[in-house]
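The file my_file.cif contains mmCIF, C-alpha atoms:
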```cif
data_entry
loop_
_atom_site.label_atom_id
_atom_site.label_comp_id
_atom_site.auth_asym_id
_atom_site.auth_seq_id
_atom_site.Cartn_x
_atom_site.Cartn_y
_atom_site.Cartn_z
CA MET A 26 24.62 -18.18 -29.86
CA LEU A 27 25.10 -19.38 -26.28
CA GLU A 28 27.40 -22.25 -25.35
CA ILE A 29 27.15 -24.03 -21.99
CA ALA A 30 28.92 -27.24 -21.03
CA GLY A 31 29.99 -27.78 -24.63
CA THR A 32 26.44 -27.48 -25.98
CA THR A 33 25.48 -24.66 -28.32
CA ILE A 34 22.03 -23.18 -27.87
CA PRO A 35 20.97 -21.23 -30.95
CA PRO A 36 18.75 -18.13 -30.79
CA ALA A 37 15.00 -18.59 -30.21
CA SER A 38 15.42 -22.09 -28.77
CA ARG A 39 15.18 -24.08 -25.54
CA ARG A 40 17.50 -26.89 -24.45
CA ARG A 41 17.55 -29.33 -21.53
CA LEU A 42 21.11 -30.15 -20.43
CA GLU A 43 22.65 -32.59 -17.95
CA ILE A 44 26.12 -31.68 -16.68
CA PRO A 45 27.86 -34.68 -15.03
CA VAL A 46 28.78 -34.03 -11.37
CA ALA A 47 29.91 -37.26 -9.70
CA ARG A 48 29.03 -40.91 -9.25
CA LEU A 49 27.44 -42.47 -6.21
CA ALA A 50 29.16 -45.40 -4.51
CA THR A 51 26.88 -47.60 -6.63
CA GLN A 52 28.51 -46.00 -9.71
CA THR A 53 25.24 -44.31 -10.61
CA GLU A 54 26.07 -41.00 -12.26
CA LEU A 55 24.41 -37.84 -10.95
CA SER A 56 24.16 -34.78 -13.18
CA LEU A 57 23.26 -31.13 -12.71
CA PRO A 58 19.98 -30.60 -14.62
CA LEU A 59 19.34 -27.26 -16.29
CA THR A 60 17.15 -25.66 -18.89
CA VAL A 61 18.52 -22.91 -21.11
CA VAL A 62 16.16 -20.62 -22.99
CA ASN A 63 18.02 -18.50 -25.54
CA GLY A 64 15.99 -15.59 -26.86
CA SER A 65 15.57 -14.33 -30.37
CA GLU A 66 17.54 -11.16 -29.61
CA PRO A 67 20.57 -10.32 -27.43
CA GLY A 68 19.94 -9.06 -23.90
CA ALA A 69 20.51 -9.80 -20.23
CA ARG A 70 21.41 -13.34 -19.21
CA LEU A 71 19.55 -14.28 -16.03
CA TRP A 72 20.34 -17.38 -14.02
CA LEU A 73 17.67 -18.89 -11.76
CA SER A 74 18.75 -21.40 -9.11
CA ALA A 75 16.94 -23.38 -6.43
CA ALA A 76 17.56 -26.19 -3.94
CA ILE A 77 21.13 -25.21 -3.14
CA HIS A 78 19.86 -26.57 0.16
CA GLY A 79 18.33 -29.86 -0.94
CA ASP A 80 15.24 -29.66 1.29
CA GLU A 81 14.18 -26.17 0.11
CA LEU A 82 11.58 -26.98 -2.54
CA ASN A 83 9.54 -23.87 -3.32
CA GLY A 84 12.15 -22.61 -5.75
CA VAL A 85 11.94 -25.84 -7.77
CA GLU A 86 8.26 -25.16 -8.44
CA ILE A 87 8.85 -21.45 -9.01
CA ILE A 88 11.35 -22.17 -11.78
CA ARG A 89 9.02 -24.75 -13.36
CA GLN A 90 6.20 -22.22 -13.54
CA VAL A 91 8.43 -19.44 -14.89
CA LEU A 92 9.74 -21.67 -17.66
CA GLN A 93 6.20 -22.63 -18.64
CA ARG A 94 5.40 -18.96 -19.27
CA ILE A 95 8.43 -18.14 -21.42
CA SER A 96 8.45 -18.40 -25.20
CA PRO A 97 11.97 -18.29 -26.75
CA ASN A 98 10.62 -16.30 -29.69
CA GLU A 99 9.49 -13.46 -27.40
CA LEU A 100 12.56 -13.50 -25.12
CA ARG A 101 15.42 -11.03 -25.33
CA GLY A 102 18.59 -12.40 -23.77
CA SER A 103 18.75 -15.77 -22.04
CA ILE A 104 17.49 -17.68 -19.01
CA ILE A 105 19.75 -20.29 -17.44
CA ALA A 106 17.53 -22.21 -15.02
CA VAL A 107 18.91 -24.73 -12.52
CA PRO A 108 15.96 -25.96 -10.42
CA ILE A 109 17.99 -28.44 -8.32
CA VAL A 110 21.57 -27.43 -7.55
CA ASN A 111 22.17 -29.76 -4.58
CA ILE A 112 21.01 -32.92 -6.29
CA PHE A 113 22.47 -35.10 -3.52
CA GLY A 114 20.55 -33.30 -0.76
CA PHE A 115 17.39 -33.21 -2.88
CA ILE A 116 17.39 -37.00 -3.21
CA GLU A 117 17.94 -37.42 0.54
CA GLN A 118 15.52 -34.58 1.45
CA SER A 119 18.41 -32.99 3.32
CA ARG A 120 19.82 -29.48 3.50
CA TYR A 121 23.35 -30.80 3.15
CA LEU A 122 25.57 -32.86 0.91
CA PRO A 123 26.50 -36.45 1.89
CA ASP A 124 29.54 -35.22 3.84
CA ARG A 125 27.29 -32.82 5.82
CA ARG A 126 28.78 -29.77 4.14
CA ASP A 127 26.58 -26.77 3.37
CA LEU A 128 26.87 -26.07 -0.37
CA ASN A 129 26.03 -22.40 0.21
CA ARG A 130 29.15 -22.02 2.34
CA SER A 131 31.41 -23.62 -0.29
CA PHE A 132 31.56 -21.05 -3.13
CA PRO A 133 33.43 -20.26 -5.33
CA GLY A 134 34.73 -23.78 -4.84
CA SER A 135 37.57 -25.73 -6.38
CA SER A 136 37.82 -28.44 -9.02
CA LYS A 137 40.03 -30.47 -6.66
CA GLY A 138 38.29 -29.87 -3.32
CA SER A 139 35.48 -31.60 -1.43
CA LEU A 140 32.28 -32.68 -3.18
CA ALA A 141 30.66 -29.41 -2.11
CA SER A 142 33.62 -27.42 -3.37
CA ARG A 143 33.61 -29.24 -6.72
CA LEU A 144 29.88 -28.73 -7.21
CA ALA A 145 30.23 -25.05 -6.32
CA ASN A 146 33.09 -24.67 -8.78
CA LEU A 147 31.06 -26.39 -11.52
CA PHE A 148 28.15 -24.02 -10.93
CA MET A 149 30.42 -20.97 -11.10
CA GLU A 150 32.12 -22.13 -14.31
CA GLU A 151 29.07 -23.37 -16.22
CA ILE A 152 26.28 -21.11 -14.93
CA VAL A 153 27.49 -17.91 -13.26
CA LYS A 154 30.22 -17.36 -15.83
CA HIS A 155 27.58 -16.93 -18.56
CA ALA A 156 25.18 -14.72 -16.57
CA THR A 157 24.75 -10.97 -16.17
CA HIS A 158 22.19 -11.24 -13.32
CA GLY A 159 21.13 -13.92 -10.84
CA ILE A 160 18.19 -14.89 -8.64
CA ASP A 161 18.79 -17.60 -6.03
CA LEU A 162 15.66 -19.14 -4.50
CA HIS A 163 15.44 -20.40 -0.90
CA THR A 164 13.04 -21.21 1.91
CA ALA A 165 13.53 -21.02 5.66
CA SER A 166 15.61 -23.79 7.21
CA ASP A 167 14.13 -26.87 8.87
CA HIS A 168 11.36 -26.13 11.44
CA ARG A 169 11.11 -22.45 10.41
CA ILE A 170 8.96 -20.47 8.00
CA ASN A 171 9.67 -17.16 6.26
CA LEU A 172 7.49 -14.39 4.92
CA PRO A 173 8.33 -13.87 1.21
CA GLN A 174 11.37 -11.60 1.21
CA ILE A 175 14.32 -10.47 -0.88
CA ARG A 176 17.78 -10.25 0.66
CA ALA A 177 20.31 -8.26 -1.33
CA ASN A 178 22.93 -5.53 -1.29
CA LEU A 179 20.49 -2.64 -1.49
CA ASN A 180 23.37 -0.14 -1.52
CA ASP A 181 24.12 -1.18 -5.09
CA PRO A 182 21.79 0.83 -7.40
CA GLN A 183 21.30 -1.92 -10.01
CA THR A 184 20.63 -4.58 -7.37
CA TYR A 185 18.22 -2.23 -5.59
CA LYS A 186 16.23 -1.70 -8.79
CA CYS A 187 15.93 -5.46 -9.30
CA ALA A 188 14.88 -6.01 -5.67
CA GLU A 189 12.27 -3.27 -5.92
CA ALA A 190 10.94 -4.68 -9.18
CA PHE A 191 10.70 -8.20 -7.69
CA GLY A 192 8.04 -6.90 -5.32
CA ALA A 193 8.33 -9.36 -2.42
CA GLU A 194 6.56 -8.29 0.75
CA VAL A 195 9.90 -7.37 2.31
CA MET A 196 13.30 -6.45 0.88
CA ILE A 197 16.17 -6.58 3.35
CA HIS A 198 19.59 -5.03 2.99
CA ALA A 199 21.88 -7.94 3.84
CA THR A 200 25.63 -8.34 3.62
CA THR A 201 26.91 -11.51 1.97
CA ARG A 202 27.98 -14.57 3.94
CA ASP A 203 31.39 -16.09 3.39
CA GLY A 204 31.23 -18.99 0.96
CA SER A 205 27.76 -18.16 -0.34
CA LEU A 206 26.78 -18.17 -3.99
CA ARG A 207 25.64 -14.57 -3.67
CA GLN A 208 29.02 -13.48 -2.35
CA ALA A 209 30.94 -15.33 -5.08
CA ALA A 210 28.77 -13.92 -7.87
CA THR A 211 28.79 -10.41 -6.42
CA LYS A 212 32.59 -10.43 -6.47
CA LYS A 213 32.31 -10.99 -10.23
CA GLY A 214 30.15 -7.89 -10.55
CA ILE A 215 26.85 -9.75 -11.00
CA PRO A 216 23.76 -8.30 -9.25
CA VAL A 217 22.14 -11.12 -7.26
CA LEU A 218 18.81 -11.37 -5.46
CA LEU A 219 18.27 -14.03 -2.79
CA TYR A 220 14.59 -14.87 -2.40
CA GLU A 221 13.30 -16.50 0.79
CA GLY A 222 9.75 -17.73 1.25
CA GLY A 223 7.95 -20.57 3.02
CA GLU A 224 9.51 -23.56 4.76
CA ALA A 225 11.63 -26.61 4.01
CA LEU A 226 10.04 -29.77 2.52
CA ARG A 227 6.72 -28.02 1.88
CA PHE A 228 5.17 -26.20 -1.06
CA ASP A 229 3.77 -22.81 -0.03
CA SER A 230 1.37 -21.57 -2.71
CA HIS A 231 1.65 -17.92 -1.66
CA ALA A 232 5.46 -17.94 -1.56
CA ILE A 233 5.52 -19.70 -4.94
CA GLN A 234 3.19 -17.14 -6.52
CA VAL A 235 5.23 -14.23 -5.16
CA GLY A 236 8.41 -15.85 -6.49
CA VAL A 237 7.02 -16.49 -9.98
CA GLU A 238 5.57 -13.01 -10.35
CA GLY A 239 8.71 -11.43 -8.89
CA ILE A 240 10.99 -13.10 -11.43
CA LEU A 241 8.71 -12.00 -14.28
CA ARG A 242 8.80 -8.43 -12.98
CA VAL A 243 12.62 -8.50 -12.87
CA MET A 244 12.66 -9.83 -16.43
CA ASP A 245 10.42 -6.94 -17.44
CA LEU A 246 12.79 -4.47 -15.76
CA LEU A 247 15.72 -5.98 -17.66
CA GLN A 248 13.69 -5.74 -20.89
CA MET A 249 13.88 -9.50 -21.34
CA TYR A 250 10.20 -10.36 -21.55
CA PRO A 251 6.93 -8.38 -21.77
CA LEU A 252 5.06 -8.34 -18.48
CA GLN A 253 1.36 -9.02 -18.08
CA SER A 254 -0.30 -5.91 -16.68
CA ALA A 255 -2.14 -7.97 -14.05
CA ILE A 256 1.07 -8.49 -12.06
CA ALA A 257 2.71 -5.12 -12.66
CA ALA A 258 1.87 -3.32 -9.40
CA SER A 259 3.77 -4.15 -6.19
CA THR A 260 5.30 -2.58 -3.09
CA SER A 261 7.89 -3.86 -0.63
CA ALA A 262 8.71 -3.01 2.98
CA LEU A 263 12.31 -1.76 2.99
CA VAL A 264 14.28 -3.18 5.92
CA LYS A 265 17.76 -2.30 7.12
CA LYS A 266 17.80 -4.29 10.37
CA THR A 267 16.35 -7.58 11.60
CA GLN A 268 16.41 -9.26 15.00
CA TRP A 269 15.58 -12.71 16.36
CA VAL A 270 13.57 -12.82 19.60
CA ARG A 271 14.82 -15.76 21.66
CA SER A 272 13.18 -18.00 24.21
CA PRO A 273 13.98 -17.02 27.83
CA GLN A 274 13.41 -20.58 29.05
CA SER A 275 12.69 -24.10 27.84
CA GLY A 276 9.17 -25.41 27.43
CA ILE A 277 6.18 -25.52 25.11
CA LEU A 278 5.86 -22.57 22.74
CA ARG A 279 2.56 -20.85 22.03
CA LEU A 280 2.79 -18.16 19.33
CA ASN A 281 0.54 -15.10 19.50
CA VAL A 282 1.54 -13.65 16.11
CA SER A 283 1.65 -14.74 12.48
CA LEU A 284 3.81 -13.98 9.46
CA GLY A 285 3.30 -10.43 8.24
CA ASP A 286 1.93 -9.10 11.54
CA ARG A 287 3.08 -5.66 12.58
CA VAL A 288 3.89 -5.52 16.29
CA ARG A 289 4.47 -2.76 18.82
CA ARG A 290 7.24 -2.49 21.38
CA LYS A 291 6.73 -4.77 24.41
CA GLN A 292 3.85 -6.61 22.73
CA VAL A 293 3.60 -10.25 23.86
CA LEU A 294 4.71 -12.28 20.84
CA ALA A 295 4.58 -15.73 22.43
CA THR A 296 4.46 -17.55 25.75
CA ILE A 297 6.47 -20.49 27.03
CA VAL A 298 4.75 -22.95 29.37
CA ASP A 299 5.84 -26.23 30.90
CA VAL A 300 4.08 -29.47 30.01
CA PHE A 301 1.73 -29.09 33.01
CA GLY A 302 0.92 -25.45 32.28
CA ASP A 303 2.09 -24.39 35.74
CA THR A 304 4.73 -21.82 34.77
CA SER A 305 5.15 -19.48 31.86
CA ALA A 306 7.39 -16.83 30.39
CA GLU A 307 6.54 -14.16 27.86
CA LEU A 308 8.48 -13.14 24.75
CA LEU A 309 8.17 -9.38 24.31
CA ALA A 310 8.85 -7.42 21.16
CA PRO A 311 12.08 -5.42 21.66
CA SER A 312 10.75 -2.66 19.38
CA ARG A 313 8.17 -1.93 16.74
CA GLY A 314 8.54 -4.26 13.77
CA LEU A 315 7.21 -6.77 11.25
CA VAL A 316 7.14 -10.56 11.72
CA ILE A 317 9.16 -11.97 8.80
CA GLY A 318 9.83 -15.46 10.16
CA HIS A 319 9.26 -17.79 13.08
CA THR A 320 9.89 -21.30 14.29
CA GLN A 321 7.34 -24.01 13.51
CA ASN A 322 8.53 -26.25 16.34
CA PRO A 323 6.37 -26.03 19.50
CA ILE A 324 9.23 -27.37 21.63
CA ALA A 325 11.54 -24.54 22.68
CA ASN A 326 14.88 -24.65 24.44
CA GLN A 327 16.29 -21.74 26.36
CA GLY A 328 17.96 -19.38 23.88
CA ASP A 329 16.21 -20.77 20.79
CA ALA A 330 15.42 -18.27 18.02
CA VAL A 331 11.63 -18.06 18.00
CA ILE A 332 10.45 -15.00 16.05
CA HIS A 333 12.31 -13.00 13.40
CA LEU A 334 11.42 -9.30 13.32
CA ALA A 335 12.15 -6.66 10.71
CA ILE A 336 12.89 -3.53 12.74
CA SER A 337 11.71 -0.04 11.76
CA SER A 338 10.62 -1.03 8.28
CA LYS A 339 9.09 1.37 5.77
CA THR A 340 7.30 0.97 2.46
CA SER A 341 9.15 1.39 -0.84
CA SER A 342 7.07 2.42 -3.84
#
```

Output the file's structure in the form of structure tokens.
Amino acid sequence: MLEIAGTTIPPASRRRLEIPVARLATQTELSLPLTVVNGSEPGARLWLSAAIHGDELNGVEIIRQVLQRISPNELRGSIIAVPIVNIFGFIEQSRYLPDRRDLNRSFPGSSKGSLASRLANLFMEEIVKHATHGIDLHTASDHRINLPQIRANLNDPQTYKCAEAFGAEVMIHATTRDGSLRQAATKKGIPVLLYEGGEALRFDSHAIQVGVEGILRVMDLLQMYPLQSAIAASTSALVKKTQWVRSPQSGILRLNVSLGDRVRRKQVLATIVDVFGDTSAELLAPSRGLVIGHTQNPIANQGDAVIHLAISSKTSS
């Protein structure tokens, strides 16, 4: 038996829950929506979360597709799926909460703090507390796009195995940020993968497919659900260091590379021109690497982060 928010979910069953969060000024109540799938046998308890930043939508669709594929009768363990964590930002199509706080800098939160802090605390108490593993789904921030990638503490053997099984195109060793969900859960001994793919306010079919298949592969690794052989094989580029290449001057940006391109040292990645095309500057690759993200905005200011490179990556089998 699994009990969440006062609701008991018996074995081999699926339940939709609504956990009250707060009321709007109109007195309309907003709730945290989740689906819990409790398997027929004991096993790992995996939480899936998306839209901690309310404008990052790919994860919402990833979770929907994963849940469609799961039968409670064939599941070992449990899935606790929260497709929209920042319900306030989701409604407003905004990264932030109404007070402009970033929810992913507010964990583990407090029951008596700001709205962000209270929502973070609720998520820790009702979701993370019941989980043995977690996968948090993101996209790039506004005006940027990311190659599908896993960010995790790859020095932890169990987390590394999950990241490798996920099979994103890149897996990056990344330390946790203060106030993030990943940091708060890691402190409780829970292995967490952070998946990034695509851009804000857009569905990216490739990033969604990678996310769905990656979660199913992790579930197979944890012996939660049998994996279809068609999605069993995968490799990831293992990355220990990344670097943003920044614009040397303001102007109009013209990219010469795309996501997933491998570049050589001093290769011209982009040019900056003025609106008349009279002057230009070149952005050169600081070293050999892989393009894992870039801006989507053609207007560049001096110092803007333009292209994100994975440095000295190698393939993990």

Next item on the list: Would you kindly return, as a list in words, each protein, DNA or RNA residue with an atom no farther than 12 Å from any atom of Gly214 (chain A), considering all atoms listed in the file and excluding same-chain residues fewer than 3 positions away?
Entry: Val153, Lys154, Ala156, Thr157, His158, Gly159, Asn178, Asp181, Gln183, Thr184, Arg207, Gln208, Ala209, Ala210, Thr211 and Val217 of chain A

Sort by chain and increasing residue number a table of all residues of region 46-158 of chain A within 9 Å of region 167-175 of chain A, each with its closest pair of atoms and their distance in Å to one decimal, counting only C-alpha atoms, and write it as JSON lines.
```
{"residue": "A:Asp80", "atom": "CA", "partner": "A:Asp167", "partner_atom": "CA", "distance": 8.2}
{"residue": "A:Glu81", "atom": "CA", "partner": "A:Asp167", "partner_atom": "CA", "distance": 8.8}
{"residue": "A:Arg120", "atom": "CA", "partner": "A:Asp167", "partner_atom": "CA", "distance": 8.2}
```

Next item on the list: Could you tell me how far CA of Phe115 (chain A) lies from CA of Arg202 (chain A), in Å and to one decimal?
Entry: 22.5 Å

Next item on the list: Quick one: everything within 12 Å of Lys265 (chain A), counting all atoms listed in the file, minus sequence neighbours fewer than 5 positions away in the same chain. Send it as a ChimeraX atom specification.
Entry: /A:175-180,195-200,314,334-340

Next item on the list: Starting from the displayed file, determine the output of the PyMOL selection byres ((chain A and resi 73) around 9) and express the residue list as a list in words.
Entry: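 For this structure, the PyMOL selection byres ((chain A and resi 73) around 9) resolves to Leu71, Trp72, Ser74, Ala75, Gly84, Ile88, Ile104, Ile105, Ala106, Val107, Pro108, Gly159, Ile160, Asp161, Leu162 and Ile240 of chain A.
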
Next item on the list: Would you translate the PyMOL selection byres ((chain A and resi 283) around 12) into the concrete set of residues it matches in this file, as a PyMOL selection string?
Entry: chain A and resi 170-172+279-282+284-288+294-295+315-321+331-334

Next item on the list: For CA of Ile95 (chain A) and CA of Leu55 (chain A), quote the distance in Å rounded to one decimal.
Entry: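 Straight-line distance from CA of Ile95 (chain A) to CA of Leu55 (chain A) works out to 27.4 Å.
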
Item checked: Closest of A:Gly222, A:Pro123, A:Gly204, A:Gly114 to Ala145 (chain A) - atom-to-atom distances counting only C-alpha atoms -> A:Gly204

Next item on the list: For each of A:Leu218, A:Ile112, A:Cys187, A:Leu241, take the minimum atom-to-atom distance to Gln253 (chain A), counting all atoms listed in the file, then give the residue where this is smallest.
Entry: A:Leu241

Item checked: Separation of CA of Ala330 (chain A) from CA of Trp269 (chain A), in Å and rounded to one decimal -> 5.8 Å

Next item on the list: Could you state which residues are captured by the PyMOL selection byres ((chain A and resi 299) around 12) in this file, as an MDAnalysis selection string?
Entry: chainID A and resid 274:279 296:298 300:306 323:326

Would you output that residue set with C-alpha atoms, as a compact mmCIF listing (two decimals), in the coordinates of the input?
```
# COMPACT_ATOMS: atom_id res chain seq x y z
CA GLN A 274 13.41 -20.58 29.05
CA SER A 275 12.69 -24.10 27.84
CA GLY A 276 9.17 -25.41 27.43
CA ILE A 277 6.18 -25.52 25.11
CA LEU A 278 5.86 -22.57 22.74
CA ARG A 279 2.56 -20.85 22.03
CA THR A 296 4.46 -17.55 25.75
CA ILE A 297 6.47 -20.49 27.03
CA VAL A 298 4.75 -22.95 29.37
CA VAL A 300 4.08 -29.47 30.01
CA PHE A 301 1.73 -29.09 33.01
CA GLY A 302 0.92 -25.45 32.28
CA ASP A 303 2.09 -24.39 35.74
CA THR A 304 4.73 -21.82 34.77
CA SER A 305 5.15 -19.48 31.86
CA ALA A 306 7.39 -16.83 30.39
CA PRO A 323 6.37 -26.03 19.50
CA ILE A 324 9.23 -27.37 21.63
CA ALA A 325 11.54 -24.54 22.68
CA ASN A 326 14.88 -24.65 24.44
```

Item checked: Residue contacts of Leu27 (chain A) (8 Å, only C-alpha atoms) excluding same-chain residues fewer than 6 positions away, as a VMD selection string -> chain A and resid 33 to 36 63

Next item on the list: Find the residues near Lys291 (chain A): any atom within 9 Å, counting only C-alpha atoms, skip ones fewer than 5 places away on the same chain, and give them as a list in words.
Entry: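 Here the answer would be Leu308, Leu309, Ala310, Pro311, Ser312 and Arg313 of chain A.
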
Notebook entry, point to check: Which residue out of A:Asn129, A:Ser142, A:Ser254, A:Thr164 has the minimum interatomic distance to Thr201 (chain A) when all atoms listed in the file are used?
Noted result: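 Once distances to Thr201 (chain A) are computed over all atoms listed in the file, the minimum belongs to A:Asn129.
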
Item checked: Among the residues A:Ser166, A:Ser259, A:Gln118, A:Ser230, the one that comes closest to Asn322 (chain A) [using all atoms listed in the file] -> A:Ser166

Determine, counting all atoms listed in the file, every residue of protein, DNA or RNA that lies within 9 Å of (30.5, -26.8, -6.1) in the file coordinates, then give the result as an mmCIF file with C-alpha atoms, in the frame of the given file.
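Output saved as out.cif:
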```cif
data_model
loop_
_atom_site.group_PDB
_atom_site.id
_atom_site.type_symbol
_atom_site.label_atom_id
_atom_site.label_comp_id
_atom_site.auth_asym_id
_atom_site.auth_seq_id
_atom_site.Cartn_x
_atom_site.Cartn_y
_atom_site.Cartn_z
ATOM 1 C CA ASN A 111 22.170 -29.760 -4.580
ATOM 2 C CA LEU A 128 26.870 -26.070 -0.370
ATOM 3 C CA ASN A 129 26.030 -22.400 0.210
ATOM 4 C CA SER A 131 31.410 -23.620 -0.290
ATOM 5 C CA PHE A 132 31.560 -21.050 -3.130
ATOM 6 C CA PRO A 133 33.430 -20.260 -5.330
ATOM 7 C CA GLY A 134 34.730 -23.780 -4.840
ATOM 8 C CA SER A 135 37.570 -25.730 -6.380
ATOM 9 C CA SER A 136 37.820 -28.440 -9.020
ATOM 10 C CA GLY A 138 38.290 -29.870 -3.320
ATOM 11 C CA SER A 139 35.480 -31.600 -1.430
ATOM 12 C CA LEU A 140 32.280 -32.680 -3.180
ATOM 13 C CA ALA A 141 30.660 -29.410 -2.110
ATOM 14 C CA SER A 142 33.620 -27.420 -3.370
ATOM 15 C CA ARG A 143 33.610 -29.240 -6.720
ATOM 16 C CA LEU A 144 29.880 -28.730 -7.210
ATOM 17 C CA ALA A 145 30.230 -25.050 -6.320
ATOM 18 C CA ASN A 146 33.090 -24.670 -8.780
ATOM 19 C CA LEU A 147 31.060 -26.390 -11.520
ATOM 20 C CA PHE A 148 28.150 -24.020 -10.930
ATOM 21 C CA MET A 149 30.420 -20.970 -11.100
#
```

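Checking A:Asn83, A:Thr53, A:Gln234, A:Thr32 one by one against Ala193 (chain A), counting all atoms listed in the file, you find the shortest gap at A:Gln234.
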